[in-house]
>>> print(open('start.txt').read())   # compact mmCIF, C-alpha atoms
# COMPACT_ATOMS: atom_id res chain seq x y z
CA ASP Q 2 -20.46 -6.70 -6.54
CA ASN Q 3 -23.44 -8.51 -4.96
CA THR Q 4 -25.57 -7.81 -8.05
CA SER Q 5 -28.78 -9.72 -8.76
CA VAL Q 6 -30.42 -9.67 -12.21
CA SER Q 7 -33.47 -11.87 -12.78
CA GLY Q 8 -33.30 -11.76 -16.61
CA ASP Q 9 -30.73 -11.46 -19.40
CA ILE Q 10 -27.82 -9.06 -19.91
CA THR Q 11 -27.37 -8.19 -23.60
CA SER Q 12 -25.24 -5.68 -25.46
CA ASN Q 13 -24.96 -5.45 -29.25
CA SER Q 14 -21.35 -4.28 -29.17
CA GLY Q 15 -20.22 -3.22 -25.71
CA LEU Q 16 -18.13 -4.62 -22.90
CA ILE Q 17 -19.98 -6.50 -20.13
CA VAL Q 18 -18.35 -6.71 -16.69
CA VAL Q 19 -20.14 -8.46 -13.82
CA GLY Q 20 -18.59 -8.25 -10.36
CA ASP Q 21 -18.15 -10.82 -7.60
CA TYR Q 22 -21.07 -12.48 -5.81
CA ALA Q 23 -23.44 -11.66 -8.70
CA ASP Q 24 -26.41 -13.82 -9.65
CA ILE Q 25 -27.69 -13.48 -13.24
CA GLY Q 26 -30.93 -15.35 -13.85
CA GLY Q 27 -30.76 -15.42 -17.65
CA GLU Q 28 -28.08 -15.35 -20.33
CA ILE Q 29 -25.22 -12.93 -20.97
CA LYS Q 30 -24.58 -11.98 -24.63
CA THR Q 31 -22.47 -9.39 -26.44
CA SER Q 32 -19.99 -8.94 -29.28
CA GLY Q 33 -17.62 -7.28 -26.80
CA THR Q 34 -15.64 -8.83 -23.97
CA ILE Q 35 -17.53 -10.60 -21.14
CA THR Q 36 -15.90 -10.70 -17.70
CA LEU Q 37 -17.75 -12.51 -14.93
CA GLY Q 38 -16.50 -12.24 -11.34
CA SER Q 39 -16.08 -14.90 -8.68
CA PHE Q 40 -18.59 -16.60 -6.36
CA GLY Q 41 -21.51 -15.91 -8.70
CA SER Q 42 -23.91 -17.71 -11.02
CA VAL Q 43 -25.45 -17.45 -14.48
CA GLY Q 44 -28.81 -19.12 -15.08
CA SER Q 45 -28.35 -19.73 -18.80
CA ASN Q 46 -25.74 -19.39 -21.56
CA MET Q 47 -22.84 -16.98 -22.00
CA ILE Q 48 -22.61 -16.04 -25.68
CA GLY Q 49 -19.87 -14.03 -27.33
CA ILE Q 50 -20.91 -12.81 -30.78
CA SER Q 51 -18.03 -12.94 -33.27
CA ALA Q 52 -14.60 -13.01 -31.57
CA ALA Q 53 -15.62 -11.86 -28.08
CA THR Q 54 -13.39 -12.96 -25.20
CA ILE Q 55 -15.16 -14.57 -22.22
CA THR Q 56 -13.63 -14.86 -18.73
CA VAL Q 57 -15.34 -16.59 -15.80
CA GLY Q 58 -14.04 -16.09 -12.26
CA THR Q 59 -13.51 -18.67 -9.52
CA TYR Q 60 -16.24 -20.60 -7.69
CA THR Q 61 -18.85 -19.58 -10.26
CA ASN Q 62 -21.64 -21.73 -11.70
CA VAL Q 63 -22.81 -21.31 -15.30
CA ALA Q 64 -26.02 -23.32 -15.75
CA GLY Q 65 -25.72 -23.21 -19.55
CA GLY Q 66 -22.94 -23.32 -22.10
CA ILE Q 67 -20.25 -20.85 -23.13
CA GLY Q 68 -19.91 -20.15 -26.85
CA THR Q 69 -17.84 -17.58 -28.72
CA GLY Q 70 -15.32 -17.06 -31.48
CA GLY Q 71 -12.77 -15.67 -29.03
CA ALA Q 72 -10.74 -17.04 -26.14
CA VAL Q 73 -12.45 -18.56 -23.09
CA THR Q 74 -10.99 -18.81 -19.58
CA VAL Q 75 -12.80 -20.47 -16.67
CA GLY Q 76 -11.47 -20.00 -13.14
CA GLU Q 77 -10.84 -22.68 -10.55
CA HIS Q 78 -13.67 -24.51 -8.76
CA SER Q 79 -16.24 -23.24 -11.31
CA SER Q 80 -18.73 -25.29 -13.31
CA VAL Q 81 -20.28 -25.01 -16.79
CA VAL Q 82 -22.27 -27.27 -19.12
CA ASP Q 83 -20.02 -26.99 -22.21
CA ILE Q 84 -17.50 -24.62 -23.80
CA THR Q 85 -16.94 -23.82 -27.49
CA SER Q 86 -14.55 -21.38 -29.12
CA THR Q 87 -14.66 -21.39 -32.91
CA GLY Q 88 -11.65 -19.10 -33.29
CA ASP Q 89 -9.34 -19.25 -30.27
CA ALA Q 90 -8.13 -21.16 -27.20
CA VAL Q 91 -10.00 -22.50 -24.17
CA THR Q 92 -8.37 -22.63 -20.73
CA VAL Q 93 -10.11 -24.47 -17.90
CA GLY Q 94 -8.68 -23.90 -14.42
CA THR Q 95 -8.15 -26.38 -11.61
CA PHE Q 96 -11.03 -28.25 -9.95
CA VAL Q 97 -13.46 -27.15 -12.69
CA THR Q 98 -16.39 -29.32 -13.80
CA VAL Q 99 -17.57 -29.26 -17.45
CA THR Q 100 -20.45 -31.71 -17.84
CA GLY Q 101 -20.25 -31.58 -21.64
CA THR Q 102 -17.59 -31.00 -24.28
CA VAL Q 103 -14.74 -28.49 -24.40
CA ALA Q 104 -14.08 -27.63 -28.07
CA ALA Q 105 -11.78 -25.03 -29.61
CA SER Q 106 -10.00 -24.18 -32.82
CA GLY Q 107 -7.00 -23.16 -30.70
CA ALA Q 108 -5.26 -24.86 -27.81
CA VAL Q 109 -7.31 -26.55 -25.07
CA THR Q 110 -6.02 -26.72 -21.48
CA VAL Q 111 -7.84 -28.68 -18.78
CA GLY Q 112 -6.49 -27.84 -15.33
CA ALA Q 113 -5.39 -30.23 -12.61
CA ASN Q 114 -8.15 -32.21 -10.85
CA SER Q 115 -10.82 -30.91 -13.23
CA GLN Q 116 -13.43 -33.07 -14.92
CA VAL Q 117 -14.75 -32.79 -18.50
CA ALA Q 118 -16.81 -35.11 -20.69
CA ASN Q 119 -14.85 -34.66 -23.95
CA ALA Q 120 -12.24 -32.22 -25.25
CA ASN Q 121 -11.03 -31.47 -28.77
CA SER Q 122 -8.92 -28.91 -30.59
CA THR Q 123 -9.15 -28.64 -34.35
CA ALA Q 124 -6.02 -26.50 -34.76
CA GLY Q 125 -3.92 -26.70 -31.61
CA ALA Q 126 -2.46 -28.67 -28.72
CA LEU Q 127 -4.41 -30.28 -25.90
CA THR Q 128 -3.20 -30.50 -22.29
CA VAL Q 129 -4.88 -32.38 -19.45
CA GLY Q 130 -3.55 -31.56 -16.00
CA THR Q 131 -2.47 -33.77 -13.13
CA GLY Q 132 -5.28 -35.82 -11.61
CA ALA Q 133 -7.90 -34.60 -14.08
CA THR Q 134 -10.67 -36.87 -15.39
CA VAL Q 135 -12.04 -37.07 -18.93
CA THR Q 136 -15.13 -39.26 -19.01
CA GLY Q 137 -15.14 -39.48 -22.82
CA ASP Q 138 -12.65 -38.86 -25.65
CA LEU Q 139 -9.80 -36.45 -26.46
CA ALA Q 140 -8.78 -35.31 -29.94
CA ALA Q 141 -6.40 -32.66 -31.26
CA SER Q 142 -4.57 -31.69 -34.42
CA GLY Q 143 -1.43 -30.92 -32.40
CA ALA Q 144 0.43 -32.42 -29.46
CA ILE Q 145 -1.47 -34.01 -26.58
CA LEU Q 146 -0.06 -34.06 -23.03
CA ILE Q 147 -1.74 -36.06 -20.26
CA GLY Q 148 -0.63 -35.22 -16.72
CA ALA Q 149 0.39 -37.64 -13.99
CA GLY Q 150 -2.50 -39.57 -12.48
CA ALA Q 151 -5.02 -38.28 -15.03
CA GLN Q 152 -7.76 -40.60 -16.24
CA VAL Q 153 -9.28 -40.74 -19.74
CA ASN Q 154 -12.19 -43.15 -20.00
CA GLY Q 155 -12.34 -42.94 -23.79
CA SER Q 156 -9.88 -42.65 -26.65
CA ILE Q 157 -7.07 -40.19 -27.47
CA THR Q 158 -6.45 -39.14 -31.08
CA SER Q 159 -3.87 -36.75 -32.52
CA THR Q 160 -3.84 -36.05 -36.24
CA ALA Q 161 -0.34 -34.53 -36.34
CA GLY Q 162 1.34 -34.12 -32.95
CA ALA Q 163 3.10 -36.29 -30.39
CA ILE Q 164 1.20 -37.83 -27.48
CA THR Q 165 2.75 -37.93 -23.99
CA LEU Q 166 1.09 -39.90 -21.19
CA GLY Q 167 2.16 -38.95 -17.65
CA ALA Q 168 3.13 -41.25 -14.81
CA SER Q 169 0.28 -43.40 -13.48
CA SER Q 170 -2.20 -41.98 -16.00
CA THR Q 171 -4.95 -44.32 -17.22
CA ILE Q 172 -6.33 -44.45 -20.76
CA SER Q 173 -9.24 -46.88 -21.16
CA SER Q 174 -9.40 -46.98 -24.96
CA CYS Q 175 -7.21 -46.52 -28.04
CA VAL Q 176 -4.36 -43.97 -28.17
CA TRP Q 177 -3.97 -43.13 -31.85
CA SER Q 178 -1.24 -41.05 -33.50
CA GLN Q 179 -2.58 -40.73 -37.03
CA SER Q 180 0.60 -39.16 -38.40
CA GLY Q 181 2.88 -41.67 -36.68
CA ALA Q 182 4.28 -39.00 -34.33
CA ALA Q 183 5.66 -40.31 -31.04
CA ILE Q 184 3.51 -41.83 -28.32
CA ALA Q 185 5.50 -41.69 -25.08
CA LEU Q 186 4.41 -43.76 -22.06
CA THR Q 187 5.86 -42.50 -18.78
CA ALA Q 188 6.44 -45.07 -16.02
CA GLY Q 189 3.21 -46.44 -14.64
CA ALA Q 190 0.98 -45.22 -17.46
CA ALA Q 191 -1.77 -47.77 -18.17
CA VAL Q 192 -2.98 -47.78 -21.77
CA ASN Q 193 -5.61 -50.02 -23.33
CA SER Q 194 -4.13 -50.05 -26.86
CA VAL Q 195 -2.17 -47.94 -29.36
CA CYS Q 196 -2.07 -47.16 -33.07
CA CYS Q 197 0.69 -45.46 -35.09
CA GLY Q 198 -0.28 -44.41 -38.61
CA SER Q 199 -3.38 -45.13 -40.67
CA ALA Q 200 -6.31 -47.06 -39.25
CA SER Q 201 -5.95 -49.77 -41.87
CA ALA Q 202 -2.31 -50.44 -40.99
CA CYS Q 203 -1.86 -49.74 -37.28
CA THR Q 204 1.53 -50.50 -35.73
CA SER Q 205 3.20 -49.73 -32.40
CA ALA Q 206 6.40 -48.45 -34.04
CA CYS Q 207 6.02 -44.91 -32.67
CA VAL Q 208 5.47 -46.02 -29.05
CA SER Q 209 8.11 -45.76 -26.35
CA GLY Q 210 7.85 -47.10 -22.81
CA THR Q 211 8.70 -50.04 -20.60
CA THR Q 212 5.65 -52.02 -21.73
CA ILE Q 213 4.16 -51.61 -25.22
CA PRO Q 214 0.34 -51.99 -25.27
CA PRO Q 215 -1.48 -54.06 -27.91
CA ILE Q 216 -2.54 -52.63 -31.27
CA CYS Q 217 -5.93 -50.88 -31.45
CA GLN Q 218 -8.81 -52.27 -33.40
CA PRO Q 219 -9.28 -50.11 -36.53
CA PRO Q 220 -12.09 -47.56 -36.25
CA SER Q 221 -15.14 -47.65 -38.50
CA ALA Q 222 -14.59 -47.07 -42.21
CA GLY Q 223 -16.96 -44.09 -42.37
CA PRO Q 224 -18.13 -41.23 -40.16
CA HIS Q 225 -20.35 -41.96 -37.18
CA HIS Q 226 -22.56 -38.94 -38.01
CA LEU Q 227 -22.52 -35.37 -39.32
CA GLU Q 228 -23.03 -32.29 -37.16
CA VAL Q 229 -24.19 -28.85 -38.28
CA ARG Q 230 -22.71 -26.26 -35.93
CA HIS Q 231 -23.48 -22.59 -35.49
CA GLY Q 232 -20.40 -20.39 -35.23
CA THR Q 233 -21.36 -18.68 -31.95
CA GLY Q 234 -24.49 -20.43 -30.72
CA SER Q 235 -26.64 -17.34 -31.22
CA GLY Q 236 -27.84 -15.30 -34.19
CA LEU Q 237 -28.06 -11.52 -34.44
CA THR Q 238 -31.00 -9.89 -36.23
CA CYS Q 239 -30.19 -8.79 -39.79
CA SER Q 240 -26.68 -10.21 -39.57
CA PRO Q 241 -25.51 -13.34 -41.45
CA SER Q 242 -24.43 -16.42 -39.53
CA THR Q 243 -21.99 -19.13 -40.57
CA LEU Q 244 -22.80 -22.82 -40.13
CA ILE Q 245 -20.08 -25.46 -40.08
CA VAL Q 246 -20.65 -29.11 -41.13
CA VAL Q 247 -18.43 -31.55 -39.23
CA ALA Q 248 -17.98 -35.27 -39.96
CA CYS Q 249 -17.62 -37.08 -36.62
CA GLN Q 250 -15.59 -40.22 -35.97
CA ASP Q 251 -17.49 -41.11 -32.76
CA ALA Q 252 -20.78 -40.48 -30.96
CA ALA Q 253 -19.37 -37.60 -28.88
CA CYS Q 254 -17.68 -36.04 -31.95
CA ALA Q 255 -14.47 -35.86 -29.94
CA SER Q 256 -12.61 -36.95 -33.08
CA ALA Q 257 -13.27 -35.62 -36.57
CA TYR Q 258 -13.59 -38.13 -39.42
CA THR Q 259 -10.94 -37.22 -42.00
CA GLY Q 260 -11.61 -39.82 -44.68
CA GLY Q 261 -13.75 -37.48 -46.77
CA VAL Q 262 -17.53 -37.24 -47.23
CA THR Q 263 -19.46 -36.56 -50.43
CA GLY Q 264 -23.09 -35.58 -50.83
CA THR Q 265 -25.46 -32.70 -51.51
CA LEU Q 266 -26.14 -30.01 -48.92
CA THR Q 267 -29.35 -28.00 -49.27
CA ALA Q 268 -30.91 -25.24 -47.20
CA THR Q 269 -34.44 -23.85 -47.07
CA GLY Q 270 -35.85 -20.63 -45.66
CA ALA Q 271 -35.49 -16.93 -46.32
CA GLY Q 272 -31.90 -15.75 -46.62
CA MET Q 273 -30.38 -19.27 -46.53
CA THR Q 274 -27.56 -19.96 -49.00
CA VAL Q 275 -25.14 -22.86 -49.45
>>> encode(input="start.txt", output="structure tokens")
Amino acid sequence: DNTSVSGDITSNSGLIVVGDYADIGGEIKTSGTITLGSFGSVGSNMIGISAATITVGTYTNVAGGIGTGGAVTVGEHSSVVDITSTGDAVTVGTFVTVTGTVAASGAVTVGANSQVANANSTAGALTVGTGATVTGDLAASGAILIGAGAQVNGSITSTAGAITLGASSTISSCVWSQSGAAIALTAGAAVNSVCCGSASACTSACVSGTTIPPICQPPSAGPHHLEVRHGTGSGLTCSPSTLIVVACQDAACASAYTGGVTGTLTATGAGMTV
């Protein structure tokens, strides 16, 4: 406890445990588990190489992003720039601030009264707690649950699961169930518009609630842009890294474009293969 490190903490394979009230001026990086205590700070990124698990305590400020292939948990009243897990779930506690995007291949949970810019899960469910605020978009392959009084300033998209909107929640853009799974509006939920099924033939047939919102305007016919993502956010000398190309439906890439993209991908530089 009460540790102060002006630079980085790096381990090629070992466990890193930082106690309470610790201030780390640089980044923390390892292929092992990272556990950061409460009431501390990190001046840069927290990087888990491969499938490292990262846990951040309560009342802790991370001035950079968190990126790993393992699970990520952020304790209550903490703050971080963005969070990415390419292979597991992300759990954000209550009263947490994420100024950027929360992205995971597993389930994403945003705690009550927290604030995030965007959140997406490519292979799991997405839950937004009571009173939480999402300033951008939400997207998931599974079910999406929005808590009572939560506010989403952008759109909500589920490719396969049901969408449930809690009492007095507010959704400022389209709520889209691409598979036609149920969209349930609890009493008092305010929704801009809805879409059940394909973008070219939106209906409100899957929507239940006292008042059925209007039909969404169809999204653009093609992707907004393509992103090239690094698996962990950091390379390791003499070790190969995997890059992932993602077609994005919107500017924040909160929703993936699933209409298909064709083209030629090339790479230059020593050791680069496609």
>>> residues_around(input="start.txt", residues="Q:Gly76", least_positions_apart="6", cutoff="7 Å", atoms="only C-alpha atoms", output="JSON, numbers by chain")
{"Q": [57, 58, 59, 93, 94]}
>>> closest_residue(input="start.txt", among="Q:Ser142, Q:Thr171, Q:Thr11, Q:Thr165", to="Q:Gly33", atoms="all atoms listed in the file")
Q:Thr11
>>> atom_distance(input="start.txt", atom1="atom CA of Q:Ala182", atom2="atom CA of Q:Ser159")
8.6 Å
>>> atom_distance(input="start.txt", atom1="atom CA of Q:Gly20", atom2="atom CA of Q:Ser32")
19.0 Å
>>> closest_residue(input="start.txt", among="Q:Thr31, Q:Thr100, Q:Thr92, Q:Thr131", to="Q:Ile50", atoms="all atoms listed in the file")
Q:Thr31
>>> closest_residue(input="start.txt", among="Q:Ser79, Q:Thr4, Q:Gly49, Q:Thr34", to="Q:Asp21", atoms="only C-alpha atoms")
Q:Thr4
>>> atom_distance(input="start.txt", atom1="atom CA of Q:Ala200", atom2="atom CA of Q:Val135")
23.4 Å
